[in-house]
>>> print(open('target-v7.tsv').read())   # TSV, C-alpha atoms and all ligand atoms
chain	number	residue	atom	x	y	z
A	1	MET	CA	0.00	0.00	0.00
A	2	ARG	CA	2.73	2.34	1.04
A	3	ASN	CA	4.62	1.36	-2.09
A	4	SER	CA	1.68	2.01	-4.41
A	5	VAL	CA	1.09	5.47	-2.85
A	6	LEU	CA	4.76	6.18	-3.34
A	7	ALA	CA	4.52	4.90	-6.91
A	8	ARG	CA	1.51	7.18	-7.59
A	9	LYS	CA	3.32	10.11	-6.02
A	10	LEU	CA	6.40	9.51	-8.16
A	11	THR	CA	4.29	9.21	-11.33
A	12	HIS	CA	2.56	12.48	-10.49
A	13	GLU	CA	5.85	14.21	-9.75
A	14	ARG	CA	7.26	12.98	-13.03
A	15	ALA	CA	4.20	14.22	-14.94
A	16	ALA	CA	4.30	17.77	-13.55
A	17	PRO	CA	7.89	18.63	-14.54
A	18	THR	CA	7.28	17.19	-18.01
A	19	LEU	CA	4.45	19.70	-18.60
A	20	GLY	CA	6.62	22.45	-17.12
A	21	ALA	CA	9.46	21.48	-19.42
A	22	VAL	CA	7.16	21.65	-22.47
A	23	LEU	CA	6.03	25.15	-21.44
A	24	ALA	CA	9.64	26.16	-20.97
A	25	VAL	CA	10.72	25.09	-24.46
A	26	VAL	CA	7.69	26.65	-26.22
A	27	PRO	CA	7.86	30.25	-24.98
A	28	GLN	CA	4.90	32.60	-25.23
A	29	PRO	CA	4.90	34.93	-28.26
A	30	VAL	CA	6.34	38.38	-27.57
A	31	THR	CA	4.80	41.58	-28.98
A	32	VAL	CA	6.62	44.88	-29.31
A	33	ARG	CA	5.22	48.31	-30.24
A	34	VAL	CA	7.55	50.49	-32.27
A	35	PRO	CA	7.15	54.08	-33.50
A	36	ALA	CA	7.43	55.88	-36.83
A	37	LYS	CA	9.80	58.82	-37.13
A	38	VAL	CA	9.60	62.28	-38.52
A	39	ASN	CA	12.74	64.26	-39.36
A	40	LEU	CA	12.52	67.72	-37.84
A	41	HIS	CA	15.76	68.66	-39.57
A	42	LEU	CA	17.24	66.65	-42.42
A	43	ALA	CA	20.37	68.15	-43.94
A	44	VAL	CA	21.70	66.09	-46.84
A	45	GLY	CA	25.36	66.49	-47.78
A	46	ASP	CA	26.90	65.59	-51.11
A	47	LEU	CA	27.03	62.03	-52.41
A	48	ARG	CA	29.95	60.15	-50.77
A	49	LEU	CA	32.25	57.75	-52.59
A	50	ASP	CA	30.47	54.83	-50.87
A	51	GLY	CA	27.18	55.88	-52.50
A	52	TYR	CA	25.65	57.31	-49.32
A	53	HIS	CA	24.98	60.93	-48.43
A	54	GLU	CA	26.36	62.49	-45.26
A	55	LEU	CA	23.33	63.39	-43.12
A	56	VAL	CA	22.58	65.59	-40.16
A	57	SER	CA	19.16	64.60	-38.94
A	58	VAL	CA	16.99	65.30	-35.93
A	59	PHE	CA	14.53	62.47	-35.51
A	60	GLN	CA	11.40	62.49	-33.40
A	61	ALA	CA	9.47	59.30	-32.66
A	62	LEU	CA	5.71	59.73	-33.18
A	63	SER	CA	2.68	57.92	-31.80
A	64	VAL	CA	2.09	56.26	-35.19
A	65	THR	CA	3.16	52.68	-34.51
A	66	ASP	CA	3.55	49.15	-35.82
A	67	GLU	CA	3.20	46.04	-33.67
A	68	VAL	CA	5.62	43.17	-34.16
A	69	THR	CA	4.89	39.75	-32.68
A	70	VAL	CA	7.39	36.91	-32.78
A	71	ALA	CA	6.45	33.31	-31.99
A	72	ALA	CA	8.46	30.10	-31.99
A	73	THR	CA	7.44	27.83	-34.87
A	74	ASP	CA	8.56	25.03	-37.17
A	75	ALA	CA	7.21	27.00	-40.17
A	76	PRO	CA	9.20	30.24	-40.15
A	77	GLY	CA	8.08	33.29	-42.11
A	78	VAL	CA	6.47	36.71	-42.05
A	79	GLN	CA	2.77	37.68	-42.02
A	80	VAL	CA	1.74	41.30	-42.60
A	81	TYR	CA	-1.59	42.91	-41.69
A	82	GLY	CA	-2.95	46.45	-41.88
A	83	GLU	CA	-2.88	49.28	-44.40
A	84	GLY	CA	-0.59	48.66	-47.36
A	85	ALA	CA	0.16	45.11	-46.17
A	86	GLY	CA	-0.18	43.76	-49.71
A	87	THR	CA	2.80	45.82	-50.88
A	88	VAL	CA	5.19	44.61	-48.15
A	89	PRO	CA	7.42	41.67	-49.13
A	90	THR	CA	7.15	38.61	-46.88
A	91	ASP	CA	10.38	36.98	-48.03
A	92	ARG	CA	13.98	37.82	-47.12
A	93	ARG	CA	13.57	41.34	-48.52
A	94	ASN	CA	11.45	42.11	-45.44
A	95	LEU	CA	13.58	44.09	-42.99
A	96	ALA	CA	11.95	42.32	-40.03
A	97	TRP	CA	13.08	38.98	-41.43
A	98	ARG	CA	16.59	40.34	-41.95
A	99	ALA	CA	16.54	41.30	-38.28
A	100	VAL	CA	15.62	37.69	-37.39
A	101	LEU	CA	18.56	36.39	-39.42
A	102	ALA	CA	20.97	38.93	-37.91
A	103	LEU	CA	20.02	38.17	-34.31
A	104	ALA	CA	19.91	34.40	-34.94
A	105	GLU	CA	23.45	34.53	-36.28
A	106	HIS	CA	24.63	36.73	-33.41
A	107	ALA	CA	23.05	34.42	-30.82
A	108	GLY	CA	23.88	31.14	-32.56
A	109	ARG	CA	20.18	30.20	-32.78
A	110	ARG	CA	18.03	28.68	-35.53
A	111	PRO	CA	15.67	31.33	-37.01
A	112	ALA	CA	12.65	29.14	-36.21
A	113	VAL	CA	10.22	32.01	-35.71
A	114	ARG	CA	7.05	33.44	-37.19
A	115	VAL	CA	6.96	37.25	-37.38
A	116	VAL	CA	3.53	38.93	-37.44
A	117	LEU	CA	3.57	42.61	-38.45
A	118	ARG	CA	0.55	44.82	-37.83
A	119	LYS	CA	1.23	47.94	-39.87
A	120	GLY	CA	0.05	51.29	-38.55
A	121	ILE	CA	2.99	53.14	-40.12
A	122	PRO	CA	2.34	54.03	-43.77
A	123	VAL	CA	4.32	51.79	-46.13
A	124	ALA	CA	6.93	53.64	-48.26
A	125	GLY	CA	5.75	56.86	-46.62
A	126	GLY	CA	9.07	58.33	-45.46
A	127	MET	CA	8.36	57.39	-41.83
A	128	ALA	CA	10.79	54.45	-41.66
A	129	GLY	CA	8.17	51.73	-41.18
A	130	GLY	CA	10.41	48.92	-42.38
A	131	SER	CA	13.21	50.10	-40.08
A	132	ALA	CA	10.74	50.24	-37.21
A	133	ASP	CA	9.77	46.61	-37.86
A	134	ALA	CA	13.42	45.57	-37.85
A	135	ALA	CA	14.00	47.31	-34.51
A	136	GLY	CA	10.79	45.82	-33.07
A	137	THR	CA	11.83	42.35	-34.21
A	138	LEU	CA	15.24	42.63	-32.50
A	139	VAL	CA	13.62	43.56	-29.17
A	140	ALA	CA	10.83	40.96	-29.46
A	141	LEU	CA	13.19	38.16	-30.40
A	142	ALA	CA	15.65	39.03	-27.62
A	143	GLY	CA	12.65	38.60	-25.28
A	144	LEU	CA	11.38	35.39	-26.89
A	145	TRP	CA	14.82	33.79	-26.73
A	146	ARG	CA	15.57	35.33	-23.31
A	147	LEU	CA	18.91	36.55	-24.59
A	148	ASP	CA	21.29	38.25	-22.25
A	149	ILE	CA	21.97	41.08	-24.68
A	150	SER	CA	22.48	44.76	-23.92
A	151	ARG	CA	20.66	47.62	-25.63
A	152	GLU	CA	24.09	48.66	-27.04
A	153	GLU	CA	24.60	45.24	-28.67
A	154	LEU	CA	21.10	45.46	-30.16
A	155	ALA	CA	21.92	48.97	-31.42
A	156	GLY	CA	25.05	47.56	-33.14
A	157	LEU	CA	22.95	44.92	-34.93
A	158	ALA	CA	20.34	47.60	-35.73
A	159	ALA	CA	22.95	49.82	-37.42
A	160	GLY	CA	23.95	46.89	-39.63
A	161	LEU	CA	20.34	46.53	-40.80
A	162	GLY	CA	19.78	50.14	-41.89
A	163	SER	CA	20.53	53.71	-40.92
A	164	ASP	CA	17.05	54.42	-39.45
A	165	VAL	CA	16.89	51.19	-37.39
A	166	PRO	CA	18.92	52.39	-34.35
A	167	PHE	CA	16.60	55.37	-33.89
A	168	ALA	CA	13.50	53.14	-33.88
A	169	LEU	CA	15.08	51.19	-31.00
A	170	HIS	CA	15.94	54.38	-29.20
A	171	GLY	CA	12.84	56.56	-29.78
A	172	GLY	CA	12.39	59.99	-28.20
A	173	THR	CA	14.17	62.78	-30.04
A	174	ALA	CA	17.74	62.33	-31.25
A	175	LEU	CA	20.40	63.89	-33.40
A	176	GLY	CA	21.78	61.51	-36.02
A	177	THR	CA	24.95	62.00	-38.04
A	178	GLY	CA	26.91	59.92	-40.56
A	179	ARG	CA	24.27	58.01	-42.52
A	180	GLY	CA	21.93	58.89	-39.63
A	181	GLU	CA	23.01	55.92	-37.49
A	182	SER	CA	25.24	57.65	-34.89
A	183	LEU	CA	22.71	58.95	-32.38
A	184	VAL	CA	22.79	61.39	-29.51
A	185	PRO	CA	19.63	61.99	-27.44
A	186	VAL	CA	18.21	65.52	-27.68
A	187	LEU	CA	16.61	67.26	-24.73
A	188	THR	CA	12.95	68.21	-25.32
A	189	ARG	CA	10.67	69.81	-22.77
A	190	HIS	CA	7.36	69.36	-24.43
A	191	THR	CA	5.05	66.96	-26.18
A	192	PHE	CA	4.62	68.27	-29.70
A	193	HIS	CA	1.38	67.75	-31.61
A	194	TRP	CA	1.37	66.69	-35.23
A	195	VAL	CA	-0.96	65.93	-38.09
A	196	VAL	CA	0.32	63.35	-40.53
A	197	ALA	CA	-1.11	63.34	-44.09
A	198	LEU	CA	-0.67	60.11	-46.03
A	199	ASP	CA	-0.52	60.09	-49.80
A	200	HIS	CA	-2.19	57.61	-52.12
A	201	ARG	CA	1.08	56.00	-53.27
A	202	GLY	CA	4.53	55.68	-51.72
A	203	LEU	CA	7.79	57.17	-52.99
A	204	SER	CA	11.00	55.21	-53.33
A	205	THR	CA	13.73	56.60	-51.04
A	206	PRO	CA	16.57	55.92	-53.56
A	207	ASP	CA	14.56	57.70	-56.29
A	208	VAL	CA	14.19	60.77	-54.06
A	209	TYR	CA	17.94	60.91	-53.30
A	210	ARG	CA	18.70	60.52	-57.03
A	211	GLU	CA	16.30	63.37	-57.79
A	212	LEU	CA	18.03	65.58	-55.22
A	213	ASP	CA	21.43	64.83	-56.83
A	214	ARG	CA	19.91	65.68	-60.22
A	215	LEU	CA	18.42	68.97	-58.99
A	216	ARG	CA	21.75	69.90	-57.39
A	217	ALA	CA	23.71	69.12	-60.54
A	218	HIS	CA	21.44	70.98	-62.96
A	219	GLY	CA	19.79	74.37	-63.12
A	220	SER	CA	19.17	76.22	-59.87
A	221	PRO	CA	19.92	73.86	-56.95
A	222	PRO	CA	17.53	73.97	-53.96
A	223	GLN	CA	18.78	75.95	-50.97
A	224	ARG	CA	20.51	73.81	-48.34
A	225	LEU	CA	19.51	73.71	-44.68
A	226	GLY	CA	21.65	75.71	-42.28
A	227	ASP	CA	23.05	74.83	-38.87
A	228	VAL	CA	21.03	72.51	-36.61
A	229	GLU	CA	21.80	74.40	-33.35
A	230	PRO	CA	18.81	76.82	-33.41
A	231	LEU	CA	16.44	73.86	-33.84
A	232	LEU	CA	18.01	72.06	-30.86
A	233	GLU	CA	17.48	75.21	-28.79
A	234	ALA	CA	13.83	75.41	-29.87
A	235	LEU	CA	13.36	71.76	-28.83
A	236	ALA	CA	14.90	72.47	-25.43
A	237	SER	CA	12.64	75.51	-24.98
A	238	GLY	CA	9.57	73.42	-25.81
A	239	ASN	CA	7.98	76.25	-27.77
A	240	PRO	CA	6.17	74.84	-30.84
A	241	ARG	CA	5.95	78.27	-32.52
A	242	GLN	CA	9.73	78.65	-32.33
A	243	LEU	CA	10.24	75.07	-33.51
A	244	ALA	CA	7.86	75.59	-36.45
A	245	LEU	CA	10.11	78.32	-37.90
A	246	LEU	CA	13.12	75.98	-37.91
A	247	LEU	CA	11.76	72.72	-39.35
A	248	GLY	CA	13.50	71.81	-42.59
A	249	ASN	CA	14.17	68.94	-44.96
A	250	ASP	CA	16.67	69.04	-47.84
A	251	LEU	CA	14.83	66.12	-49.49
A	252	GLN	CA	11.58	68.06	-49.72
A	253	ALA	CA	12.45	69.78	-53.02
A	254	ALA	CA	13.19	66.38	-54.57
A	255	SER	CA	10.00	64.72	-53.24
A	256	VAL	CA	7.90	67.64	-54.48
A	257	SER	CA	9.67	67.53	-57.84
A	258	LEU	CA	8.70	63.84	-58.18
A	259	ARG	CA	5.20	64.36	-56.72
A	260	PRO	CA	4.13	67.99	-57.46
A	261	ALA	CA	0.73	67.42	-55.80
A	262	LEU	CA	2.53	67.51	-52.42
A	263	ARG	CA	2.78	71.29	-52.80
A	264	ARG	CA	-1.02	71.47	-52.54
A	265	THR	CA	-1.08	69.19	-49.47
A	266	LEU	CA	1.57	71.31	-47.72
A	267	ARG	CA	-0.35	74.52	-48.45
A	268	ALA	CA	-3.68	72.98	-47.35
A	269	GLY	CA	-2.26	71.98	-43.94
A	270	VAL	CA	-0.96	75.47	-43.21
A	271	ASP	CA	-4.22	77.02	-44.50
A	272	ALA	CA	-6.05	74.69	-42.08
A	273	GLY	CA	-4.13	76.22	-39.16
A	274	ALA	CA	-0.90	74.22	-38.75
A	275	LEU	CA	2.14	76.21	-37.61
A	276	ALA	CA	4.27	74.59	-40.34
A	277	GLY	CA	4.22	71.66	-42.71
A	278	MET	CA	6.98	69.63	-44.32
A	279	VAL	CA	7.58	66.42	-46.18
A	280	SER	CA	8.60	63.66	-43.76
A	281	GLY	CA	11.98	62.16	-44.75
A	282	SER	CA	11.84	61.14	-48.40
A	283	GLY	CA	8.03	61.52	-48.42
A	284	PRO	CA	5.38	61.46	-49.63
A	285	THR	CA	3.89	61.67	-46.12
A	286	CYS	CA	3.56	65.29	-44.96
A	287	ALA	CA	3.86	66.22	-41.28
A	288	PHE	CA	2.25	69.36	-39.83
A	289	LEU	CA	3.26	70.81	-36.49
A	290	CYS	CA	0.33	72.26	-34.52
A	291	VAL	CA	0.26	74.51	-31.49
A	292	ASP	CA	-1.50	71.91	-29.26
A	293	GLY	CA	-3.59	68.74	-29.34
A	294	ASP	CA	-6.91	70.54	-29.96
A	295	ALA	CA	-5.44	72.46	-32.87
A	296	ALA	CA	-4.12	69.18	-34.31
A	297	VAL	CA	-7.63	67.66	-34.22
A	298	ARG	CA	-9.06	70.76	-35.97
A	299	VAL	CA	-6.31	70.81	-38.62
A	300	ALA	CA	-6.75	67.07	-39.25
A	301	ALA	CA	-10.53	67.45	-39.73
A	302	GLU	CA	-10.14	70.36	-42.12
A	303	LEU	CA	-7.33	68.72	-44.09
A	304	ALA	CA	-9.36	65.52	-44.44
A	305	GLY	CA	-12.24	67.59	-45.83
A	306	VAL	CA	-10.10	69.23	-48.53
A	307	GLY	CA	-9.41	65.81	-50.08
A	308	VAL	CA	-5.75	66.42	-50.99
A	309	CYS	CA	-4.46	63.24	-49.34
A	310	ARG	CA	-5.55	59.66	-48.70
A	311	THR	CA	-5.70	59.62	-44.89
A	312	VAL	CA	-5.01	62.05	-42.10
A	313	ARG	CA	-3.85	61.10	-38.59
A	314	VAL	CA	-3.24	63.01	-35.40
A	315	ALA	CA	-0.01	62.12	-33.60
A	316	SER	CA	2.22	63.33	-30.83
A	317	GLY	CA	5.90	63.04	-30.04
A	318	PRO	CA	8.35	62.26	-28.68
A	319	VAL	CA	7.33	58.70	-27.71
A	320	PRO	CA	9.63	55.85	-26.59
A	321	GLY	CA	11.31	53.45	-29.01
A	322	ALA	CA	10.61	49.71	-29.38
A	323	ARG	CA	8.96	48.41	-26.18
A	324	VAL	CA	7.39	45.09	-25.20
A	325	VAL	CA	3.56	45.25	-25.00
A	326	GLU	CA	2.39	43.76	-21.70
A	327	ASP	CA	-1.20	42.96	-22.79
A	328	PRO	CA	-0.87	42.01	-26.47
A	329	ARG	CA	-3.75	41.16	-28.77
A	330	PRO	CA	-4.09	37.47	-29.70
A	331	VAL	CA	-1.69	36.34	-32.42
A	332	PRO	CA	-3.49	35.56	-35.70
A	333	PRO	CA	-3.34	31.90	-36.77
A	334	PRO	CA	-0.49	30.89	-39.06
A	335	GLU	CA	-1.19	31.41	-42.76
A	336	PRO	CA	0.29	29.54	-45.67
A	337	LEU	CA	3.60	31.38	-45.50
A	338	ALA	CA	5.93	32.60	-48.18
A	339	HIS	CA	8.92	30.94	-46.56
A	340	ALA	CA	11.60	33.44	-45.82
A	401	LIG	P1	12.91	54.27	-45.86
A	401	LIG	O1	13.01	53.70	-44.47
A	401	LIG	O2	13.77	53.56	-46.87
A	401	LIG	O3	12.98	55.77	-45.91
A	401	LIG	P2	10.09	54.50	-46.00
A	401	LIG	O4	10.06	54.94	-44.61
A	401	LIG	O5	9.70	55.48	-47.05
A	401	LIG	O6	11.49	53.89	-46.37
A	401	LIG	P3	9.08	51.83	-45.58
A	401	LIG	O7	7.70	51.66	-45.07
A	401	LIG	O8	10.21	51.48	-44.70
A	401	LIG	O9	9.17	53.26	-46.20
A	401	LIG	O10	9.15	50.95	-46.93
A	401	LIG	C1	10.13	51.07	-47.93
A	401	LIG	C2	10.13	49.77	-48.74
A	401	LIG	O11	10.72	48.76	-47.95
A	401	LIG	C3	8.74	49.28	-49.08
A	401	LIG	O12	8.38	49.63	-50.38
A	401	LIG	C4	8.82	47.78	-48.92
A	401	LIG	O13	8.90	47.14	-50.18
A	401	LIG	C5	10.12	47.49	-48.21
A	401	LIG	N1	9.97	46.82	-46.90
A	401	LIG	C6	10.76	45.83	-46.44
A	401	LIG	N2	10.38	45.44	-45.21
A	401	LIG	C7	9.33	46.18	-44.87
A	401	LIG	C8	8.51	46.24	-43.72
A	401	LIG	N3	8.70	45.42	-42.67
A	401	LIG	N4	7.53	47.15	-43.68
A	401	LIG	C9	7.36	47.99	-44.74
A	401	LIG	N5	8.09	47.96	-45.86
A	401	LIG	C10	9.07	47.07	-45.94
>>> encode(input="target-v7.tsv", output="structure tokens")
Amino acid sequence: MRNSVLARKLTHERAAPTLGAVLAVVPQPVTVRVPAKVNLHLAVGDLRLDGYHELVSVFQALSVTDEVTVAATDAPGVQVYGEGAGTVPTDRRNLAWRAVLALAEHAGRRPAVRVVLRKGIPVAGGMAGGSADAAGTLVALAGLWRLDISREELAGLAAGLGSDVPFALHGGTALGTGRGESLVPVLTRHTFHWVVALDHRGLSTPDVYRELDRLRAHGSPPQRLGDVEPLLEALASGNPRQLALLLGNDLQAASVSLRPALRRTLRAGVDAGALAGMVSGSGPTCAFLCVDGDAAVRVAAELAGVGVCRTVRVASGPVPGARVVEDPRPVPPPEPLAHA
């Protein structure tokens, strides 16, 4: 009798750790929220011998976000949901997948993961959505695999994936130099309120840089941005009116040259009451700085009514970079995947 009780007890004890072990080897999916960026100042130098342009850029992370979920699987790949999802590659051209491969190699792991992207950041909109997904994937995967990896190591991997990826990790407001990947945090005393106007079609970033080189080589080159210092002072003061006078983007002339309708969008936003409007990065998304949150809602409503753009969103910044979401939405079921 004693023996059979002992036998039952041992069986039970063996069963419990087995279940625990299964739970331990199949970790829960991890979801990360990651922001879009707007460039408050984007000074583009001449084309370097390595094919890149020297940049001085002040980034601000906005409350326009993507969600990246990573889950362990035997059928690796990428699934994309949300606006413009159909135009995002799901194979190894996807920056999120490249982030999986980079971290897997760094950590000596098999890339046996499914990546689910929920796009809130406009695709090919000049707001670095692909870079955001890469940054989100690095953070999510480090969590899924419980890697003992510092933020600095992740930033090193991020820089290898693309020049906007380190900022998406970092968030806030930052000054970027080089190709934009060497970052220094910038002091800001204020939440700034923005309206973001999305265009019907994206613009290719390389095409916009080529157009800028063409404009600079021929005819009357567009005026170049001046020193970044006054803008940094305006950010520290927290005064949106002062900041509005100093926003600038050397790529704007090239984006407008390729998409002349942007001129109308920029005018419409200012006519609607924004303090200033500019093309975000390589465009075609336009970002309008407003005096406060109420003004942003009014400008957004009026701009939407004019019908010059596809969608209008209200946003604020700065917001933090890639962060784990504590109460994520359920992960959609696996789809037949384009294997990465
Ligand atoms: P960039 O960061 O080059 O300035 P962007 O901000 O204008 O680009 P993105 O949304 O990053 O625009 O998309 C640029 C292109 O990158 C898209 O046309 C798409 O084909 C490709 N791409 C690769 N991975 C992704 C991703 N995860 N999300 C969106 N686009 C991606």
>>> closest_residue(input="target-v7.tsv", among="A:Trp145, A:Trp194, A:Tyr209, A:Phe59", to="Asp164 in chain A", atoms="only C-alpha atoms")
A:Phe59
>>> residues_near_ligand(input="target-v7.tsv", ligand="ligand LIG 401 (chain A)", cutoff="8 Å", atoms="only C-alpha atoms and all ligand atoms", output="JSON, numbers by chain")
{"A": [85, 87, 88, 89, 90, 93, 94, 95, 96, 97, 117, 119, 121, 122, 123, 124, 125, 126, 127, 128, 129, 130, 131, 132, 133, 134, 164, 202, 203, 204, 205, 206, 281, 282, 283, 284]}
>>> write_last_selection(input="target-v7.tsv", atoms="C-alpha atoms", output="mmCIF file, keeping the file's coordinate frame")
data_model
loop_
_atom_site.group_PDB
_atom_site.id
_atom_site.type_symbol
_atom_site.label_atom_id
_atom_site.label_comp_id
_atom_site.auth_asym_id
_atom_site.auth_seq_id
_atom_site.Cartn_x
_atom_site.Cartn_y
_atom_site.Cartn_z
ATOM 1 C CA ALA A 85 0.160 45.110 -46.170
ATOM 2 C CA THR A 87 2.800 45.820 -50.880
ATOM 3 C CA VAL A 88 5.190 44.610 -48.150
ATOM 4 C CA PRO A 89 7.420 41.670 -49.130
ATOM 5 C CA THR A 90 7.150 38.610 -46.880
ATOM 6 C CA ARG A 93 13.570 41.340 -48.520
ATOM 7 C CA ASN A 94 11.450 42.110 -45.440
ATOM 8 C CA LEU A 95 13.580 44.090 -42.990
ATOM 9 C CA ALA A 96 11.950 42.320 -40.030
ATOM 10 C CA TRP A 97 13.080 38.980 -41.430
ATOM 11 C CA LEU A 117 3.570 42.610 -38.450
ATOM 12 C CA LYS A 119 1.230 47.940 -39.870
ATOM 13 C CA ILE A 121 2.990 53.140 -40.120
ATOM 14 C CA PRO A 122 2.340 54.030 -43.770
ATOM 15 C CA VAL A 123 4.320 51.790 -46.130
ATOM 16 C CA ALA A 124 6.930 53.640 -48.260
ATOM 17 C CA GLY A 125 5.750 56.860 -46.620
ATOM 18 C CA GLY A 126 9.070 58.330 -45.460
ATOM 19 C CA MET A 127 8.360 57.390 -41.830
ATOM 20 C CA ALA A 128 10.790 54.450 -41.660
ATOM 21 C CA GLY A 129 8.170 51.730 -41.180
ATOM 22 C CA GLY A 130 10.410 48.920 -42.380
ATOM 23 C CA SER A 131 13.210 50.100 -40.080
ATOM 24 C CA ALA A 132 10.740 50.240 -37.210
ATOM 25 C CA ASP A 133 9.770 46.610 -37.860
ATOM 26 C CA ALA A 134 13.420 45.570 -37.850
ATOM 27 C CA ASP A 164 17.050 54.420 -39.450
ATOM 28 C CA GLY A 202 4.530 55.680 -51.720
ATOM 29 C CA LEU A 203 7.790 57.170 -52.990
ATOM 30 C CA SER A 204 11.000 55.210 -53.330
ATOM 31 C CA THR A 205 13.730 56.600 -51.040
ATOM 32 C CA PRO A 206 16.570 55.920 -53.560
ATOM 33 C CA GLY A 281 11.980 62.160 -44.750
ATOM 34 C CA SER A 282 11.840 61.140 -48.400
ATOM 35 C CA GLY A 283 8.030 61.520 -48.420
ATOM 36 C CA PRO A 284 5.380 61.460 -49.630
#
>>> atom_distance(input="target-v7.tsv", atom1="CA of Val331 in chain A", atom2="CA of Leu103 in chain A")
21.9 Å
>>> closest_atom_pairs(input="target-v7.tsv", of="range 165-224 of chain A", to="range 63-70 of chain A", cutoff="12 Å", atoms="all atoms listed in the file", output="CSV")
residue,atom,partner,partner_atom,distance
A:Ala168,CA,A:Thr65,CA,10.4
A:Gly171,CA,A:Ser63,CA,10.4
A:Gly172,CA,A:Ser63,CA,10.6
A:Thr191,CA,A:Ser63,CA,10.9
A:Phe192,CA,A:Ser63,CA,10.7
A:His193,CA,A:Ser63,CA,9.9
A:Trp194,CA,A:Ser63,CA,9.5
A:Val195,CA,A:Val64,CA,10.5
A:Val196,CA,A:Val64,CA,9.1
A:Ala197,CA,A:Val64,CA,11.8
A:Leu198,CA,A:Val64,CA,11.8
>>> write_last_selection(input="target-v7.tsv", atoms="C-alpha atoms", output="short mmCIF file (atom, residue, chain, number, x, y, z; two decimals), in the frame of the given file")
data_model
loop_
_atom_site.label_atom_id
_atom_site.label_comp_id
_atom_site.auth_asym_id
_atom_site.auth_seq_id
_atom_site.Cartn_x
_atom_site.Cartn_y
_atom_site.Cartn_z
CA ALA A 168 13.50 53.14 -33.88
CA GLY A 171 12.84 56.56 -29.78
CA GLY A 172 12.39 59.99 -28.20
CA THR A 191 5.05 66.96 -26.18
CA PHE A 192 4.62 68.27 -29.70
CA HIS A 193 1.38 67.75 -31.61
CA TRP A 194 1.37 66.69 -35.23
CA VAL A 195 -0.96 65.93 -38.09
CA VAL A 196 0.32 63.35 -40.53
CA ALA A 197 -1.11 63.34 -44.09
CA LEU A 198 -0.67 60.11 -46.03
#
>>> residues_around(input="target-v7.tsv", residues="range 239-253 of chain A", least_positions_apart="4", cutoff="8 Å", atoms="only C-alpha atoms", output="count of residues only")
31
>>> atom_distance(input="target-v7.tsv", atom1="CA of Leu101 in chain A", atom2="CA of Thr177 in chain A")
26.4 Å
>>> closest_residue(input="target-v7.tsv", among="A:Val26, A:Leu303, A:Val184, A:Leu141", to="Pro111 in chain A", atoms="only C-alpha atoms")
A:Leu141
>>> atom_distance(input="target-v7.tsv", atom1="CA of Gln60 in chain A", atom2="CA of Arg259 in chain A")
24.2 Å
>>> residues_around(input="target-v7.tsv", residues="Arg310 in chain A", least_positions_apart="2", cutoff="8 Å", atoms="only C-alpha atoms", output="PyMOL selection string")
chain A and resi 197-200+307-308+312
>>> closest_residue(input="target-v7.tsv", among="A:Pro334, A:Gly293, A:Pro35, A:Gly108", to="Ala135 in chain A", atoms="only C-alpha atoms")
A:Pro35
>>> closest_residue(input="target-v7.tsv", among="A:Ala301, A:Gln28, A:Lys37, A:Tyr81", to="Cys286 in chain A", atoms="only C-alpha atoms")
A:Lys37
>>> closest_residue(input="target-v7.tsv", among="A:Val314, A:Leu232, A:Ala254, A:Leu169", to="Arg210 in chain A", atoms="all atoms listed in the file")
A:Ala254
>>> residues_near_point(input="target-v7.tsv", point="(12.9, 58.6, -29.2)", cutoff="7 Å", atoms="only C-alpha atoms", output="list of chain:residue names")
A:Gln60, A:Ala61, A:Phe167, A:His170, A:Gly171, A:Gly172, A:Thr173, A:Ala174, A:Pro318, A:Val319, A:Pro320, A:Gly321
>>> closest_residue(input="target-v7.tsv", among="A:Val299, A:Ala261, A:Val113, A:Ala142", to="Gly273 in chain A", atoms="all atoms listed in the file")
A:Val299
